[in-house]
$ cat upload22.cif   # mmCIF, C-alpha atoms
data_target
#
loop_
_atom_site.label_atom_id
_atom_site.label_comp_id
_atom_site.auth_asym_id
_atom_site.auth_seq_id
_atom_site.Cartn_x
_atom_site.Cartn_y
_atom_site.Cartn_z
CA MET A 27 -56.97 10.57 -47.78
CA LYS A 28 -59.79 12.95 -47.04
CA ARG A 29 -60.77 15.21 -49.92
CA THR A 30 -63.38 17.95 -50.14
CA VAL A 31 -64.92 19.42 -53.26
CA ALA A 32 -67.59 22.03 -53.87
CA ILE A 33 -69.77 21.74 -56.96
CA SER A 34 -71.65 24.89 -57.91
CA LEU A 35 -73.52 26.24 -60.89
CA LYS A 36 -71.67 28.31 -63.45
CA ILE A 37 -74.98 29.26 -65.00
CA PRO A 38 -77.18 31.70 -63.02
CA ASP A 39 -78.29 30.09 -59.78
CA ASN A 40 -81.92 31.09 -59.26
CA ALA A 41 -82.15 29.31 -55.90
CA ALA A 42 -79.19 31.28 -54.60
CA TYR A 43 -80.77 34.51 -55.82
CA THR A 44 -84.09 33.74 -54.13
CA THR A 45 -82.15 32.97 -50.97
CA LEU A 46 -80.34 36.29 -51.26
CA THR A 47 -83.58 38.25 -51.53
CA THR A 48 -85.00 36.42 -48.53
CA LEU A 49 -81.90 37.11 -46.43
CA GLN A 50 -82.14 40.76 -47.40
CA ARG A 51 -85.80 40.75 -46.38
CA LEU A 52 -84.54 39.53 -43.01
CA GLN A 53 -82.37 42.70 -42.90
CA LEU A 54 -79.09 40.78 -43.19
CA ASP A 55 -76.26 42.68 -44.84
CA VAL A 56 -75.57 40.23 -47.65
CA ALA A 57 -75.00 41.22 -51.28
CA HIS A 58 -74.28 37.88 -52.93
CA VAL A 59 -74.99 34.23 -52.20
CA GLU A 60 -73.04 31.27 -53.58
CA ARG A 61 -74.64 27.83 -53.22
CA SER A 62 -72.70 24.61 -53.71
CA GLU A 63 -72.99 20.90 -53.16
CA VAL A 64 -70.09 19.95 -50.91
CA TRP A 65 -68.77 16.40 -50.88
CA VAL A 66 -66.32 15.26 -48.21
CA VAL A 67 -64.92 11.86 -49.18
CA GLU A 68 -62.15 9.39 -48.48
CA ASP A 69 -60.07 8.76 -51.60
CA ASP A 70 -57.77 5.78 -51.99
CA GLY A 71 -57.04 6.46 -55.64
CA SER A 72 -54.37 8.54 -57.28
CA PRO A 73 -54.40 12.18 -56.13
CA ASP A 74 -53.53 13.20 -59.69
CA ASP A 75 -56.81 12.12 -61.21
CA PHE A 76 -59.09 12.69 -58.21
CA ILE A 77 -60.80 15.71 -59.75
CA ALA A 78 -61.24 13.93 -63.08
CA ARG A 79 -62.80 10.94 -61.31
CA MET A 80 -65.23 13.18 -59.40
CA GLU A 81 -66.13 15.00 -62.59
CA SER A 82 -66.81 11.69 -64.32
CA ASN A 83 -69.92 11.14 -62.20
CA GLU A 84 -72.56 12.78 -64.34
CA THR A 85 -75.14 12.46 -61.57
CA ILE A 86 -73.42 15.10 -59.47
CA PHE A 87 -71.44 16.95 -62.13
CA ASN A 88 -72.52 18.28 -65.51
CA PRO A 89 -69.67 20.11 -67.26
CA ASN A 90 -72.13 22.26 -69.17
CA LYS A 91 -73.46 23.88 -66.03
CA HIS A 92 -71.24 23.03 -63.07
CA ARG A 93 -67.83 24.01 -61.81
CA LEU A 94 -65.95 21.87 -59.33
CA VAL A 95 -63.52 23.35 -56.80
CA ASP A 96 -61.09 21.36 -54.65
CA LEU A 97 -61.53 23.00 -51.24
CA GLY A 98 -58.51 21.36 -49.66
CA VAL A 99 -59.87 21.41 -46.12
CA ASP A 100 -63.00 19.71 -44.85
CA GLU A 101 -64.59 22.69 -43.21
CA PRO A 102 -66.58 25.68 -44.41
CA ARG A 103 -64.72 28.63 -45.82
CA PRO A 104 -65.00 32.14 -44.34
CA GLY A 105 -68.53 33.41 -44.84
CA GLU A 106 -69.84 29.90 -45.39
CA VAL A 107 -72.10 27.44 -43.59
CA TRP A 108 -72.61 23.81 -44.51
CA ILE A 109 -76.03 22.26 -43.97
CA ALA A 110 -76.64 18.52 -43.75
CA GLU A 111 -79.80 16.57 -43.09
CA HIS A 112 -79.81 14.42 -39.97
CA GLY A 113 -79.33 10.81 -40.97
CA ALA A 114 -78.73 11.56 -44.62
CA HIS A 115 -75.10 10.51 -44.49
CA ASN A 116 -75.87 6.85 -43.89
CA GLU A 117 -78.26 6.71 -46.83
CA MET A 118 -75.60 8.10 -49.12
CA ARG A 119 -72.70 6.03 -47.87
CA GLU A 120 -70.61 4.45 -50.60
CA HIS A 121 -72.51 6.32 -53.29
CA LEU A 122 -72.41 9.79 -54.70
CA GLY A 123 -75.71 10.60 -56.27
CA GLY A 124 -76.34 6.87 -56.61
CA LYS A 125 -73.21 6.09 -58.62
CA LYS A 126 -69.99 4.83 -57.09
CA ILE A 127 -66.70 6.47 -58.08
CA PRO A 128 -63.56 4.29 -58.19
CA GLY A 129 -61.37 4.88 -55.13
CA VAL A 130 -63.90 7.12 -53.41
CA SER A 131 -65.69 6.03 -50.24
CA GLN A 132 -67.51 7.36 -47.17
CA PRO A 133 -69.00 10.35 -48.96
CA ARG A 134 -70.73 12.98 -46.87
CA ARG A 135 -72.88 15.58 -48.59
CA PHE A 136 -73.61 19.12 -47.46
CA VAL A 137 -75.22 22.14 -49.03
CA GLY A 138 -72.77 25.00 -48.77
CA TRP A 139 -74.04 28.57 -48.53
CA ARG A 140 -71.34 31.24 -48.90
CA LEU A 141 -72.42 34.76 -48.14
CA LEU A 142 -70.53 37.76 -49.50
CA ASN A 143 -70.78 41.49 -48.91
CA ARG A 144 -70.86 44.35 -51.43
CA ASP A 145 -67.10 44.17 -51.86
CA GLY A 146 -67.19 40.47 -52.62
CA ALA A 147 -65.65 39.61 -49.26
CA PRO A 148 -67.06 36.97 -46.93
CA VAL A 149 -69.55 38.34 -44.41
CA ASP A 150 -68.71 38.14 -40.72
CA ALA A 151 -69.32 34.94 -38.79
CA PRO A 152 -72.28 36.33 -36.77
CA VAL A 153 -74.11 37.12 -40.03
CA VAL A 154 -73.53 33.58 -41.28
CA ARG A 155 -74.83 32.16 -38.01
CA THR A 156 -77.93 34.37 -38.09
CA ALA A 157 -78.62 33.41 -41.71
CA ALA A 158 -78.43 29.74 -40.79
CA GLU A 159 -80.58 30.06 -37.70
CA ARG A 160 -83.27 32.14 -39.37
CA LEU A 161 -83.42 30.57 -42.83
CA LEU A 162 -80.83 28.13 -44.06
CA CYS A 163 -81.11 25.45 -41.38
CA ASN A 164 -84.18 23.85 -39.83
CA PRO A 165 -82.72 22.32 -36.65
CA ALA A 166 -85.52 19.77 -36.48
CA ILE A 167 -84.10 17.98 -39.49
CA GLU A 168 -80.74 19.57 -40.25
CA MET A 169 -77.42 20.48 -38.71
CA ALA A 170 -75.19 23.45 -39.52
CA LEU A 171 -71.40 23.43 -39.66
CA TYR A 172 -69.52 26.71 -39.45
CA GLU A 173 -65.95 27.76 -40.19
CA GLY A 174 -63.68 26.38 -37.49
CA LYS A 175 -66.49 23.94 -36.56
CA MET B 7 -121.96 39.53 -44.69
CA SER B 8 -120.34 36.30 -45.82
CA LYS B 9 -117.01 35.23 -44.46
CA ARG B 10 -114.38 35.29 -47.16
CA ILE B 11 -111.69 32.67 -47.52
CA ALA B 12 -108.43 33.44 -49.32
CA VAL B 13 -106.72 30.59 -51.16
CA LEU B 14 -103.10 31.72 -51.28
CA VAL B 15 -101.10 31.30 -54.45
CA PHE B 16 -97.33 31.48 -54.16
CA PRO B 17 -95.06 31.15 -57.20
CA GLY B 18 -95.04 27.36 -57.62
CA THR B 19 -98.39 26.57 -55.99
CA ASN B 20 -100.27 24.06 -58.13
CA SER B 21 -103.33 22.81 -56.23
CA GLU B 22 -105.22 26.05 -55.96
CA GLU B 23 -107.98 25.19 -58.44
CA GLU B 24 -109.23 22.00 -56.80
CA THR B 25 -108.85 23.62 -53.39
CA LEU B 26 -110.91 26.61 -54.48
CA ARG B 27 -113.60 24.48 -56.12
CA LEU B 28 -114.01 22.19 -53.14
CA LEU B 29 -114.22 25.11 -50.72
CA ARG B 30 -116.94 26.63 -52.91
CA ASP B 31 -118.75 23.28 -53.24
CA CYS B 32 -118.71 23.13 -49.46
CA GLY B 33 -120.39 26.52 -49.24
CA GLY B 34 -117.34 28.69 -48.74
CA ASP B 35 -116.94 32.16 -50.23
CA ALA B 36 -113.45 31.38 -51.46
CA HIS B 37 -111.16 33.42 -53.70
CA LEU B 38 -107.70 32.98 -55.14
CA LEU B 39 -105.18 35.50 -53.86
CA HIS B 40 -101.83 35.74 -55.63
CA TRP B 41 -98.60 36.76 -53.93
CA SER B 42 -98.45 40.09 -55.72
CA ARG B 43 -101.69 41.12 -53.96
CA ALA B 44 -100.62 40.16 -50.46
CA ALA B 45 -101.77 43.44 -48.96
CA LEU B 46 -105.40 42.39 -49.55
CA LEU B 47 -105.13 39.45 -47.16
CA PRO B 48 -106.31 41.31 -44.04
CA LYS B 49 -109.69 41.74 -45.74
CA PHE B 50 -110.23 37.97 -45.63
CA ASP B 51 -111.56 35.98 -42.70
CA ALA B 52 -109.66 32.74 -43.21
CA TYR B 53 -106.72 31.41 -45.17
CA VAL B 54 -106.04 28.20 -47.05
CA LEU B 55 -102.54 27.35 -48.27
CA PRO B 56 -102.81 24.77 -51.08
CA GLY B 57 -100.30 22.21 -52.24
CA GLY B 58 -97.55 22.62 -54.79
CA PHE B 59 -93.94 23.66 -54.73
CA ALA B 60 -93.87 27.25 -53.51
CA TYR B 61 -90.70 28.92 -54.71
CA GLU B 62 -89.65 25.54 -56.14
CA ASP B 63 -88.96 24.32 -52.59
CA ARG B 64 -85.72 26.29 -52.73
CA ILE B 65 -83.57 25.74 -49.61
CA ARG B 66 -86.26 23.39 -48.19
CA ALA B 67 -89.94 22.75 -48.80
CA GLY B 68 -91.78 25.82 -47.51
CA ALA B 69 -88.67 27.66 -46.30
CA ILE B 70 -88.78 30.65 -48.66
CA ALA B 71 -92.56 30.92 -48.68
CA ALA B 72 -92.59 31.06 -44.88
CA HIS B 73 -90.81 34.41 -45.20
CA ASP B 74 -93.00 35.73 -48.01
CA GLU B 75 -94.98 38.90 -47.38
CA MET B 76 -98.19 36.86 -47.60
CA MET B 77 -97.12 34.95 -44.53
CA ASP B 78 -96.74 38.20 -42.57
CA TYR B 79 -100.49 38.61 -42.94
CA VAL B 80 -101.26 34.95 -42.30
CA ILE B 81 -99.22 35.06 -39.09
CA ASP B 82 -101.04 38.22 -37.97
CA GLY B 83 -104.39 36.66 -38.86
CA ALA B 84 -103.60 33.43 -37.02
CA ARG B 85 -102.70 35.43 -33.93
CA GLU B 86 -106.09 37.18 -34.18
CA GLY B 87 -107.77 33.76 -34.24
CA LYS B 88 -108.52 33.47 -37.95
CA LEU B 89 -108.71 29.90 -39.22
CA VAL B 90 -105.79 28.71 -41.34
CA LEU B 91 -105.60 25.42 -43.22
CA GLY B 92 -102.47 24.23 -45.03
CA VAL B 93 -102.47 21.19 -47.30
CA CYS B 94 -99.28 19.41 -48.38
CA ASN B 95 -96.86 22.18 -49.38
CA GLY B 96 -99.16 24.54 -47.51
CA ALA B 97 -98.63 22.38 -44.44
CA GLN B 98 -94.88 22.48 -44.92
CA ILE B 99 -95.03 26.28 -45.11
CA LEU B 100 -97.00 26.47 -41.85
CA LEU B 101 -94.36 24.37 -40.09
CA GLU B 102 -91.52 26.45 -41.50
CA ALA B 103 -93.37 29.58 -40.38
CA GLY B 104 -93.57 28.15 -36.87
CA LEU B 105 -97.37 28.55 -36.79
CA VAL B 106 -97.71 24.78 -36.40
CA PRO B 107 -97.22 23.29 -33.90
CA GLY B 108 -96.60 26.80 -32.60
CA THR B 109 -94.50 25.62 -29.68
CA GLY B 110 -91.52 27.81 -30.56
CA GLU B 111 -90.89 31.26 -31.94
CA ILE B 112 -92.45 32.41 -35.17
CA ARG B 113 -90.29 31.40 -38.16
CA ARG B 114 -88.09 29.22 -35.94
CA PRO B 115 -89.41 25.76 -36.82
CA THR B 116 -89.34 22.98 -34.24
CA ALA B 117 -90.55 20.25 -36.59
CA ALA B 118 -90.77 19.56 -40.29
CA PHE B 119 -92.50 17.45 -42.87
CA THR B 120 -89.39 16.19 -44.57
CA ARG B 121 -87.99 13.52 -46.88
CA ASN B 122 -90.04 10.32 -46.85
CA GLY B 123 -88.76 7.11 -45.36
CA PRO B 124 -87.62 4.41 -45.55
CA VAL B 125 -86.62 5.33 -49.09
CA PRO B 126 -86.60 9.05 -49.82
CA HIS B 127 -88.87 8.76 -52.83
CA PHE B 128 -92.06 10.52 -53.90
CA VAL B 129 -95.20 8.61 -52.92
CA CYS B 130 -98.60 8.84 -54.57
CA GLU B 131 -100.99 6.66 -52.60
CA HIS B 132 -104.62 6.72 -51.62
CA THR B 133 -104.74 6.84 -47.83
CA TYR B 134 -107.09 7.36 -44.93
CA VAL B 135 -106.47 9.73 -42.06
CA LYS B 136 -108.19 9.43 -38.71
CA LEU B 137 -109.07 12.31 -36.43
CA ALA B 138 -106.83 11.99 -33.39
CA ILE B 139 -108.09 14.89 -31.29
CA ASP B 140 -111.41 15.80 -29.72
CA PRO B 141 -113.44 17.65 -32.39
CA ALA B 142 -114.19 20.29 -29.79
CA ARG B 143 -110.47 21.12 -29.63
CA SER B 144 -110.62 23.05 -32.93
CA PRO B 145 -113.26 24.87 -34.95
CA ILE B 146 -111.61 23.46 -38.07
CA VAL B 147 -112.58 19.89 -37.16
CA ALA B 148 -115.63 20.67 -35.01
CA GLY B 149 -117.89 19.33 -37.75
CA LEU B 150 -116.28 15.89 -37.68
CA ARG B 151 -117.17 12.91 -35.52
CA PRO B 152 -114.65 11.61 -32.97
CA ASP B 153 -112.22 9.23 -34.72
CA GLU B 154 -113.70 10.18 -38.11
CA LEU B 155 -111.91 8.67 -41.09
CA ILE B 156 -111.24 10.85 -44.11
CA PRO B 157 -109.89 9.62 -47.45
CA ALA B 158 -107.05 11.60 -48.96
CA TRP B 159 -104.27 11.23 -51.48
CA ALA B 160 -100.72 11.26 -50.17
CA ALA B 161 -98.69 12.84 -52.96
CA HIS B 162 -95.38 14.04 -51.65
CA GLY B 163 -91.67 13.39 -51.47
CA GLU B 164 -91.37 15.15 -48.12
CA GLY B 165 -94.24 14.22 -45.85
CA ARG B 166 -92.55 12.48 -42.95
CA LEU B 167 -92.96 14.31 -39.67
CA ALA B 168 -89.56 14.73 -38.01
CA ALA B 169 -88.43 16.50 -34.88
CA ASP B 170 -86.12 15.79 -31.99
CA ASP B 171 -87.34 13.53 -29.17
CA LYS B 172 -88.22 16.43 -26.89
CA HIS B 173 -90.44 18.09 -29.46
CA LEU B 174 -92.03 14.83 -30.59
CA HIS B 175 -92.96 14.12 -26.98
CA GLU B 176 -94.42 17.60 -26.74
CA LEU B 177 -96.46 17.08 -29.92
CA GLN B 178 -97.88 13.84 -28.64
CA SER B 179 -98.54 14.78 -25.03
CA ASN B 180 -100.07 18.18 -25.82
CA GLY B 181 -102.46 16.98 -28.51
CA HIS B 182 -100.81 18.53 -31.56
CA VAL B 183 -101.24 15.43 -33.74
CA ALA B 184 -104.61 16.14 -35.32
CA PHE B 185 -104.80 13.26 -37.79
CA VAL B 186 -102.94 9.97 -38.05
CA TYR B 187 -102.69 7.65 -41.04
CA ALA B 188 -105.06 4.69 -40.72
CA HIS B 189 -106.29 1.64 -42.57
CA PRO B 190 -109.76 1.88 -44.16
CA ASP B 191 -111.21 0.12 -41.08
CA GLY B 192 -109.74 2.77 -38.81
CA HIS B 193 -106.93 0.67 -37.41
CA VAL B 194 -103.71 2.64 -36.93
CA ASP B 195 -100.30 1.09 -37.35
CA ASP B 196 -97.05 1.80 -39.13
CA SER B 197 -98.12 -0.08 -42.26
CA ALA B 198 -100.88 2.46 -42.85
CA THR B 199 -98.33 5.28 -42.90
CA PRO B 200 -96.88 5.75 -46.39
CA ASN B 201 -93.79 7.72 -45.41
CA GLN B 202 -92.59 6.62 -41.92
CA SER B 203 -93.99 9.79 -40.42
CA ALA B 204 -93.21 10.06 -36.70
CA LEU B 205 -96.23 9.28 -34.50
CA ASN B 206 -97.98 8.17 -37.72
CA ALA B 207 -98.85 11.84 -38.01
CA ALA B 208 -100.64 13.07 -41.11
CA ALA B 209 -101.56 16.47 -39.68
CA LEU B 210 -100.56 18.81 -36.87
CA ILE B 211 -102.55 21.52 -35.18
CA ASN B 212 -101.48 24.48 -33.08
CA LYS B 213 -102.28 24.95 -29.42
CA THR B 214 -105.27 27.22 -29.96
CA GLY B 215 -106.74 24.97 -32.62
CA ASN B 216 -107.09 27.56 -35.38
CA VAL B 217 -104.19 26.46 -37.59
CA LEU B 218 -104.13 22.98 -39.13
CA ALA B 219 -101.38 21.55 -41.34
CA ILE B 220 -102.28 18.33 -43.18
CA MET B 221 -99.93 16.52 -45.57
CA PRO B 222 -102.21 14.28 -47.69
CA HIS B 223 -104.74 15.97 -49.96
CA PRO B 224 -108.41 15.68 -48.91
CA GLU B 225 -109.35 17.94 -51.84
CA ARG B 226 -108.08 15.31 -54.26
CA ASP B 227 -110.75 12.97 -52.87
CA GLY B 228 -113.37 15.68 -52.94
CA TRP B 229 -115.60 14.22 -55.66
CA SER B 230 -116.57 10.68 -56.69
CA PHE B 231 -114.31 10.65 -59.72
CA ASN B 232 -111.31 11.16 -57.40
CA HIS B 233 -112.08 8.17 -55.17
CA PRO B 234 -110.60 4.82 -56.27
CA GLU B 235 -113.71 2.79 -55.37
CA ARG B 236 -116.24 5.25 -56.76
CA ARG B 237 -114.74 6.08 -60.12
CA GLY B 238 -117.40 4.08 -61.93
CA SER B 239 -120.18 6.06 -60.32
CA ALA B 240 -122.58 7.75 -62.72
CA ARG B 241 -122.53 10.84 -60.52
CA ILE B 242 -118.92 11.76 -60.86
CA LEU B 243 -119.27 15.10 -59.11
CA GLU B 244 -121.00 13.69 -56.05
CA PRO B 245 -119.11 14.79 -52.92
CA SER B 246 -116.59 12.28 -51.68
CA GLY B 247 -115.08 11.78 -48.24
CA GLY B 248 -112.33 14.35 -48.61
CA ALA B 249 -114.98 17.06 -48.70
CA THR B 250 -115.80 16.31 -45.06
CA LEU B 251 -112.81 18.21 -43.73
CA PHE B 252 -113.36 21.17 -46.05
CA ARG B 253 -117.05 21.29 -45.08
CA SER B 254 -116.06 21.36 -41.42
CA PHE B 255 -113.49 24.10 -42.12
CA VAL B 256 -116.09 26.22 -43.94
CA MET B 257 -118.55 25.69 -41.05
CA GLY B 258 -115.83 26.80 -38.67
CA VAL B 259 -115.13 29.93 -40.69
CA LYS B 260 -118.83 30.84 -40.81
CA SER B 261 -119.24 30.35 -37.09
CA ARG B 262 -116.55 32.90 -36.17
#
$ encode --input "upload22.cif" --output "structure tokens"
Amino acid sequence: MKRTVAISLKIPDNAAYTTLTTLQRLQLDVAHVERSEVWVVEDDGSPDDFIARMESNETIFNPNKHRLVDLGVDEPRPGEVWIAEHGAHNEMREHLGGKKIPGVSQPRRFVGWRLLNRDGAPVDAPVVRTAAERLLCNPAIEMALYEGK
Amino acid sequence: MSKRIAVLVFPGTNSEEETLRLLRDCGGDAHLLHWSRAALLPKFDAYVLPGGFAYEDRIRAGAIAAHDEMMDYVIDGAREGKLVLGVCNGAQILLEAGLVPGTGEIRRPTAAFTRNGPVPHFVCEHTYVKLAIDPARSPIVAGLRPDELIPAWAAHGEGRLAADDKHLHELQSNGHVAFVYAHPDGHVDDSATPNQSALNAAALINKTGNVLAIMPHPERDGWSFNHPERRGSARILEPSGGATLFRSFVMGVKSR
């Protein structure tokens, strides 16, 4: 079955902060940025230990600095855009960070950018799209996936 | 009054010293200019963006730096006709800023120097690049001979030119590919290209010829001690082939 997880830093994410300041310089009304590595995979193993198996791959997950969230659906959340490099999926096929996980196949990797407003709520879809078009995605080499795709 | 060249230093830039020294050795009145002093940039006559990892390549190589305040001034200067040279990470920044190839809107890139192929690994290789445009097309390369070969070190993980087919066709047919990778005898083929760069491109230039983005480092073959076949030379600080491009750039700046 298809599974989707987001791995993000639980320590301060300097890259996300730099991105926030750049988005604000672009006059976008964003107060917080969450960055994650999103993996969409096919899993033939037991659903009960799926998260434990993903977390066992120390190449993509370090318990000292990462948190892993089971997203449930394979599409961006409200306020979020997923960015993937053209052609990168094939290079990564069958491997996550270079190390195969039992039961897991056909991994696809994205960088997830979730943008929140001052109240901690997801920003509106047009703001997400503008952020992607002006900063987060270079269409020459990347594609952007939005909520609802 | 001498023409002043600013060597831009972003947080994460790491090739500013050799860039500065080679510009000065080539007769340029060059100065380092750090990001916190961006407002001084209009006082300079030309800009050089050195290699490194500006802003740690956060998001993508060059993406954050392209929106830095320093780039506001570089973009204004480029529009006024000032000469701009970007090397390696500097080249990536110029593409992210949309100054090169300059076929789209500013800060809406239409191409990128991105992850190397066929394996997305860092390469560190001595290479040659061959001038692929008429020297008269740009004051930056006006001091070079047609088809001139320049030695340079490719030292990057993301140096492969990539764009969609439409834009690649545009780059080729409108003369935006300024240098291509070549063998030491000048022959050009895919085996001379260390990263599977599209069109064998090592450097791109904008339409008006005043902004050049080159991936391999000529400044790291600027003196004899840098060049693999001349390392035994007694005169280790004798100019090497990489200085040729910088000399031409300085000549171009002085002629404006």
$ resolve_selection --input "upload22.cif" --expression "the PyMOL selection byres ((chain B and resi 93) around 12)" --output "ChimeraX atom specification"
/B:13-14,19-22,24-25,53-59,68,90-92,94-101,119,158-162,165,208-210,217-226,251-252
$ atom_distance --input "upload22.cif" --atom1 "atom CA of Thr214 of chain B" --atom2 "atom CA of Ser42 of chain B"
29.6 Å
$ resolve_selection --input "upload22.cif" --expression "the PyMOL selection byres ((chain A) within 12 of (chain B))" --output "count of residues only"
41
$ resolve_selection --input "upload22.cif" --expression "the PyMOL selection byres ((chain A and resi 146-150) around 12)" --output "list of chain:residue names"
A:Leu54, A:Asp55, A:Val56, A:Ala57, A:His58, A:Val59, A:Glu60, A:Pro102, A:Arg103, A:Pro104, A:Gly105, A:Glu106, A:Val107, A:Trp139, A:Arg140, A:Leu141, A:Leu142, A:Asn143, A:Arg144, A:Asp145, A:Ala151, A:Pro152, A:Val153, A:Val154, A:Arg155, A:Thr156, A:Ala157, A:Tyr172, A:Glu173
$ closest_residue --input "upload22.cif" --among "B:Phe231, B:His175, B:Ala184, B:Ile156" --to "Asp140 of chain B" --atoms "only C-alpha atoms"
B:Ala184
$ atom_distance --input "upload22.cif" --atom1 "atom CA of Gly34 of chain B" --atom2 "atom CA of Val256 of chain B"
5.5 Å
$ atom_distance --input "upload22.cif" --atom1 "atom CA of Ala12 of chain B" --atom2 "atom CA of Lys49 of chain B"
9.1 Å
$ closest_residue --input "upload22.cif" --among "A:Ser34, A:Ser131, A:Ser72, A:Gln53" --to "Pro89 of chain A" --atoms "only C-alpha atoms"
A:Ser34
$ residues_around --input "upload22.cif" --residues "Asp69 of chain A" --least-positions-apart "2" --cutoff "6 Å" --atoms "only C-alpha atoms" --output "list in words"
Met27, Gly71, Gly129 and Val130 of chain A
$ decode --input "upload22.cif" --residues "segment 14-65 of chain B" --atoms "C-alpha atoms" --output "PDB file, in the first residue's frame"
ATOM      1  CA  LEU B  14      31.114  40.056  -3.834  1.00  0.00           C
ATOM      2  CA  VAL B  15      31.226  38.029  -0.657  1.00  0.00           C
ATOM      3  CA  PHE B  16      28.011  36.353   0.449  1.00  0.00           C
ATOM      4  CA  PRO B  17      27.804  34.291   3.643  1.00  0.00           C
ATOM      5  CA  GLY B  18      29.329  31.015   2.434  1.00  0.00           C
ATOM      6  CA  THR B  19      31.470  32.376  -0.404  1.00  0.00           C
ATOM      7  CA  ASN B  20      34.904  30.742  -0.268  1.00  0.00           C
ATOM      8  CA  SER B  21      36.852  31.629  -3.432  1.00  0.00           C
ATOM      9  CA  GLU B  22      37.086  35.356  -2.948  1.00  0.00           C
ATOM     10  CA  GLU B  23      40.814  35.485  -2.138  1.00  0.00           C
ATOM     11  CA  GLU B  24      42.123  33.777  -5.277  1.00  0.00           C
ATOM     12  CA  THR B  25      39.572  35.677  -7.357  1.00  0.00           C
ATOM     13  CA  LEU B  26      40.702  38.982  -5.887  1.00  0.00           C
ATOM     14  CA  ARG B  27      44.402  38.185  -6.295  1.00  0.00           C
ATOM     15  CA  LEU B  28      44.074  37.101  -9.900  1.00  0.00           C
ATOM     16  CA  LEU B  29      42.030  40.179 -10.799  1.00  0.00           C
ATOM     17  CA  ARG B  30      44.739  42.340  -9.243  1.00  0.00           C
ATOM     18  CA  ASP B  31      47.518  40.365 -10.959  1.00  0.00           C
ATOM     19  CA  CYS B  32      45.687  41.022 -14.211  1.00  0.00           C
ATOM     20  CA  GLY B  33      45.734  44.756 -13.556  1.00  0.00           C
ATOM     21  CA  GLY B  34      42.292  45.165 -12.038  1.00  0.00           C
ATOM     22  CA  ASP B  35      41.494  47.557  -9.206  1.00  0.00           C
ATOM     23  CA  ALA B  36      39.579  44.899  -7.319  1.00  0.00           C
ATOM     24  CA  HIS B  37      38.144  44.995  -3.803  1.00  0.00           C
ATOM     25  CA  LEU B  38      36.237  42.587  -1.601  1.00  0.00           C
ATOM     26  CA  LEU B  39      32.716  43.716  -0.784  1.00  0.00           C
ATOM     27  CA  HIS B  40      30.832  41.871   1.937  1.00  0.00           C
ATOM     28  CA  TRP B  41      27.065  41.468   2.017  1.00  0.00           C
ATOM     29  CA  SER B  42      26.658  43.811   4.965  1.00  0.00           C
ATOM     30  CA  ARG B  43      28.020  46.666   2.810  1.00  0.00           C
ATOM     31  CA  ALA B  44      25.780  46.070  -0.183  1.00  0.00           C
ATOM     32  CA  ALA B  45      24.812  49.724  -0.480  1.00  0.00           C
ATOM     33  CA  LEU B  46      28.370  50.531  -1.638  1.00  0.00           C
ATOM     34  CA  LEU B  47      28.009  48.434  -4.784  1.00  0.00           C
ATOM     35  CA  PRO B  48      26.769  51.248  -7.053  1.00  0.00           C
ATOM     36  CA  LYS B  49      30.149  52.931  -6.574  1.00  0.00           C
ATOM     37  CA  PHE B  50      31.848  50.064  -8.418  1.00  0.00           C
ATOM     38  CA  ASP B  51      32.164  49.682 -12.174  1.00  0.00           C
ATOM     39  CA  ALA B  52      32.031  45.905 -12.440  1.00  0.00           C
ATOM     40  CA  TYR B  53      31.110  42.902 -10.345  1.00  0.00           C
ATOM     41  CA  VAL B  54      32.619  39.464  -9.863  1.00  0.00           C
ATOM     42  CA  LEU B  55      30.721  36.739  -8.001  1.00  0.00           C
ATOM     43  CA  PRO B  56      33.215  34.116  -6.791  1.00  0.00           C
ATOM     44  CA  GLY B  57      32.680  30.459  -6.030  1.00  0.00           C
ATOM     45  CA  GLY B  58      31.599  28.890  -2.770  1.00  0.00           C
ATOM     46  CA  PHE B  59      28.320  27.973  -1.174  1.00  0.00           C
ATOM     47  CA  ALA B  60      26.414  31.214  -0.686  1.00  0.00           C
ATOM     48  CA  TYR B  61      23.887  30.778   2.095  1.00  0.00           C
ATOM     49  CA  GLU B  62      24.939  27.112   2.246  1.00  0.00           C
ATOM     50  CA  ASP B  63      23.065  26.496  -1.023  1.00  0.00           C
ATOM     51  CA  ARG B  64      19.865  26.506   1.002  1.00  0.00           C
ATOM     52  CA  ILE B  65      16.809  25.635  -1.130  1.00  0.00           C
TER      53      ILE B  65
END
